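See structure below.
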Number of protein chains: 2
Amino acid sequence: MFQSFKEIADPSKGRPRVAQLRKELNKRKLAAFLVPHADEHQNEYLPPGAERLSWLTGFTGSAGMAIVGIRSAALFVDGRYTLQAPGQVDGRVFDVLQIPGNKPADWLKVTLKKGDALGYDPRLHTIRAIERMQKTANEAGLRMVPQDENLVDAIWKDRPAAPRKAVSLHPLKYAGELAARKIASVQKQLRNANADCVVITLPESIAWLVNIRGQDVPHTPLPLSFAIIPKKGKPELFIAPEKLAATVRKALARDVKLCPPAKMAPALAAIGKAKGKVQLDPETASQWFANQLEQAGAEIVHGTDPCLALKARKNKTEIAGTRAAHQRDGVAMCRFLAWLDAKAPSGKLDEISAAKKLESFRRQTGELKEISFDTISGAGANGAIVHYRVSESSNAQLIPGTLYLVDSGAQYLDGTTDITRTVSLGAPTGDMRRHFTLVLKGHIGLAAARFPKGTRGVDLDPLARSPLWNAGHDFDHGTGHGVGSYLSVHEGPQSISKRGMVALEPGMIISNEPGYYLEGHYGIRIENLVLVTRARKVKGGDRPMMGFETLTLAPIDRRLIDPALLTRDELKWLNAYHARVLKEISPELSVRDRKWLEQATIPMEAK
Amino acid sequence: MFQSFKEIADPSKGRPRVAQLRKELNKRKLAAFLVPHADEHQNEYLPPGAERLSWLTGFTGSAGMAIVGIRSAALFVDGRYTLQAPGQVDGRVFDVLQIPGNKPADWLKVTLKKGDALGYDPRLHTIRAIERMQKTANEAGLRMVPQDENLVDAIWKDRPAAPRKAVSLHPLKYAGELAARKIASVQKQLRNANADCVVITLPESIAWLVNIRGQDVPHTPLPLSFAIIPKKGKPELFIAPEKLAATVRKALARDVKLCPPAKMAPALAAIGKAKGKVQLDPETASQWFANQLEQAGAEIVHGTDPCLALKARKNKTEIAGTRAAHQRDGVAMCRFLAWLDAKAPSGKLDEISAAKKLESFRRQTGELKEISFDTISGAGANGAIVHYRVSESSNAQLIPGTLYLVDSGAQYLDGTTDITRTVSLGAPTGDMRRHFTLVLKGHIGLAAARFPKGTRGVDLDPLARSPLWNAGHDFDHGTGHGVGSYLSVHEGPQSISKRGMVALEPGMIISNEPGYYLEGHYGIRIENLVLVTRARKVKGGDRPMMGFETLTLAPIDRRLIDPALLTRDELKWLNAYHARVLKEISPELSVRDRKWLEQATIPMEAK
């Protein structure tokens, strides 16, 4: 099993650990210290030694920040974790506050007083985050004091060491483009921007750039590393030499200069000494890099990590790979859904046994490298917890008459998948069908959309929401995130959300996942991955339009669809999608599963 | 007539005037000079003496900028004016370039050389615009050199003097709130922002704040003025004393200190001397104010003009007023549309006679103070020119078998209107009906939308476009702009467009005007004004939703609607809207016009 269902953290540890942390505050004359969910790469999934937030508070969500002051402490989480967080932390130690309604800035203004020192670890905060925090500090008269040693590390005696897992080469048959060509693209951009070099701090950017993969963090197959790419000549790759087998080392050495991580600070100092003009991404690089470079005399120019846009636009090989991966994953999903329909009526399944079974079907493909995130296996009311993680203590039964939401994904060498299905266990209520059909209308509104060049995610987000809005509903998360190619399941720069200001471009992969959540009762989400397609002429139209090709292949629960609420065009989309699922998946199924799939994809008619 | 159909400018004047301007460039050792369409208030409609761009180039559009260099000159216009501008200027003198594809910054980089001086009039550019221009200048190694005297003024011998039209008081029965209360609201915001005062440079803000109206510019009933509002005590209002009758002066003196405009510069100097902290809106205030204040020693804090958001949320009195204004305007529109249907078959109408007739119907209400902008009266292919202004030379016949687009509005004491109707002159083609119905679907998508608190214009814009996108079409303008209360027909901060980042709030008035333009053939636009309504519970919903109340009352041409392309809900909206128009407008009509309206509002059925 890739997934563990153990309780990771224990709310009862919060009190003594915060007490220890406060001793460190006093020792260093700090009024408060920031503990973000972050490592020095701004990774989504952290290596164990960077899980400072959950170690200190008990909160295991993928985003959040604690601020520990001398007398009070707060944990800030977003809407996805409003239900989960209070159950994971000791409410007497931490006030759990939801952003953006509650802002760390306001808490600091109220809690600290003029002249107080606010400590932070410059390795864990982006340049932009520190800029914002500095503004708050200025307004409140606080001093921001960077700490050489992280205060949590000072008290976390058995903090795990940095991971040193083996690096593998990502072959051209999956990557589709040689590292040398990718490096040349980045270097061309550098010369256009008049920069001497760029410092890359995102390991996924580096993994993409030099066609390597790793196992240093859960779920995302990346090796921890940094890189400096000069405008001409070989990039320097800072990576622990223990991770590189001789063959890997040899292959890499063709394109980059391999350096141990300890050489990073001296390399930055050398750039500064040469008065180099360094490009740095203020949204992803940590303040530590800015400090090092500035102190050494370098000129910093802000610019987005040049790998991001290149990586987001998948090439032909990657697109062929993701189609194959989704076909393979669809077979596993269909086997799982057929199994679920057969077993669920017994009432004996639970969230963990279902998640285990799903992972086992994916393993049976023989190609599974990892799951792309911990499966969200939410029965009944747990389905309404948007980023629910099932553990042994939360594990609920799958009870007939309720809904079951399962959001999961796989890492295959040829592609990364992410799919959510909501399944009716037995006969659904009218409300369940109505809510599900509204979500489906939003899903189809996006899946079938055509849109002109230049359209950003923000311009498509409302298409997934308006059927819900019209009925007095909404959901408190984005509609879609970018997805990598055997890499991160959440990648930028594109997103379909209120903050999606990047234009969608052909080759981008993005999720389509509207939802509806009825707290205490059930959650509904329908998620497929889609590929942005080239602008094509529309019959009768005068402007070419882009669109989406749906990649994910698994039936959408017909029992939950009220066809009377769908328009003709929506029904047409649904039936065409189901016909495609049947055609592409059924040849790989057993006779029994094929029969199930045939039933599950029968065309629906307007009543 | 408020509207004039004369040729305003003459392309042949461009060459000698540019030659004269180049002499001024040489005299001052400038490599180029900026000539924006702007006055010192950033008014939309300029007093005649500020029409420097059209005087110099011939271009009469509402937005644009010329840059005149020693050897070359360019006119930058946006997509609305791509068709119009080349016809108005001498193409051998000015390169007409469309933003944002072509950028002034790029032109400057290519045309000027390192060390060159770029002249500009700091009164005519906002702080933000100069900031951006300075960035370009830095990149290209240019020097930005502010000019005390505008170079166009130096050569424009008969430039009209500043207008001095009488100011009127805007009574409480229309304004709904006393000036003293509005001033107190602004002052409260100032104290919260810790500022000593704010300088207001937008005359519409001042007109709203102290409940006055004027006639200094066409179409928008505002008096030119500036104001300084201290955090406590009476604001200073800088306004030409000749504009104020004794009664007006006396009434105003209760709330403000009246000062002649010449006292403005000394007042700014005094703030600087006292080391005052001054709020200034970088998006609307000119660089001249920043220069004056900074040179005098003031501390400038950037902040949006505090009147904007307050003015945008109409109070109950203003809302009642706008409903009455729209009912009155709807009567005039229905009489016009009935007249058009009766007269157009003769083929003898033209764009000017139609526009004149429409204005005469509005005059017959007995309440018309002004038209809110020059009527866009576009027959056939002229309808495809988004901001078409008909003149004697462009005046086209209304020919049976074509479409006629008329976009117009009125200024009444109780409200400002803005409506577009597209009318079929005789039998429309299938394409015309299809295109019109797609635009109507977008219009209804927005009009019927419900949306949660916090929704911005950008989040609604796609609802008006997606039916067009799906058919391979789009339109190159925003979907909606804010509208004032007997004030500007284009007001911020809200807009429904790709740039609409301000949340919509109850009481805001905004236009709903999707379109479709087939160059050389016809233009289609359907525009109603809508009022943002409070969040209300939706039956069966769990979140209260805001929505729109359509204010405009006039039938949408049934001959152009293909009901087979509408959903049941869209048909329902259309029929309900037409029933409301009939009910609210018909009592005011003659028997003949009422018969026409009954025909024009017959419910449509799906086929």
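Residues are referred to by chain and number: the chain letter is A, B, ... according to the order shown in the structure tokens, the number counts from 1 in that chain, and ligands are numbered separately from 1 in the order shown.
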Show me, as a PyMOL selection string, every residue of chain A with an atom at most 8 Å from chain B, counting only C-alpha atoms. chain A and resi 449-452+458-463+466+469-474+498+537-545+567
Please list as a VMD selection string every residue within 12 Å of region 254-259 of chain B, counting only C-alpha atoms and excluding residues in the same chain fewer than 4 positions away. chain B and resid 178 to 184 206 209 to 212 225 to 230 232 to 244 247 to 250 263 to 267
If DSSP is run on the backbone, what residues of region 399-576 of chain B are helix (DSSP H, G or I)? A reply as a ChimeraX atom specification would be ideal. /B:430-447,457-470,558-560,563-565,568-576
Tell me, as a PyMOL selection string, which residues lie within 12 Å of Ala207 (chain A), counting only C-alpha atoms; anything in the same chain fewer than 6 positions away does not count. chain A and resi 167-171+175+179+182-183+200-201+213-216+220-227+237+239+252+307-308+311+484-488
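Each of B:Asn382, B:Leu349, B:Phe373, B:Tyr412 was checked against Leu398 (chain B) using only C-alpha atoms; the smallest atom-to-atom distance is that of B:Leu349.
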Selection near region 377-379 of chain B, 9 Å with only C-alpha atoms, sequence-local residues under 2 positions removed, as a PyMOL selection string: chain B and resi 350-352+354-355+374-375+381-385+388-390+395-399+402-408+522-523
Same residues, C-alpha atoms, saved as a compact mmCIF listing (two decimals), in the first residue's frame:
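And here's out.txt as it stands now:
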# COMPACT_ATOMS: atom_id res chain seq x y z
CA ASP B 350 -31.46 57.44 -42.83
CA GLU B 351 -29.28 57.22 -39.74
CA ILE B 352 -29.50 60.93 -38.96
CA ALA B 354 -33.74 58.19 -37.17
CA ALA B 355 -31.45 59.60 -34.47
CA ASP B 374 -24.15 60.72 -29.05
CA THR B 375 -26.67 58.19 -30.36
CA ALA B 381 -22.54 47.70 -42.18
CA ASN B 382 -22.25 50.83 -39.99
CA GLY B 383 -23.83 48.78 -37.20
CA ALA B 384 -20.66 46.68 -37.11
CA ILE B 385 -18.59 49.75 -36.10
CA TYR B 388 -19.96 54.47 -34.69
CA ARG B 389 -20.80 58.17 -34.77
CA VAL B 390 -22.99 59.15 -37.65
CA ASN B 395 -25.03 59.00 -43.06
CA ALA B 396 -26.46 55.79 -44.55
CA GLN B 397 -30.00 54.88 -45.64
CA LEU B 398 -32.05 52.37 -43.63
CA ILE B 399 -32.57 49.76 -46.32
CA THR B 402 -30.77 44.96 -43.44
CA LEU B 403 -30.35 45.42 -39.71
CA TYR B 404 -30.39 48.74 -37.88
CA LEU B 405 -28.55 49.14 -34.55
CA VAL B 406 -29.42 52.03 -32.28
CA ASP B 407 -27.55 52.64 -29.00
CA SER B 408 -28.70 55.72 -27.12
CA TYR B 522 -24.24 44.21 -39.80
CA GLY B 523 -23.89 44.67 -36.09
For Asp341 (chain B), work out the shell of residues within 9 Å, counting only C-alpha atoms and skipping chain neighbours fewer than 2 positions away, then give it as a ChimeraX atom specification. /B:336-339,343-345,423-426,596
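Minimum atom-to-atom distance to Tyr517 (chain A), evaluated using only C-alpha atoms, belongs to A:Gly79 out of A:Gly276, A:Gly321, A:Pro86, A:Gly79.
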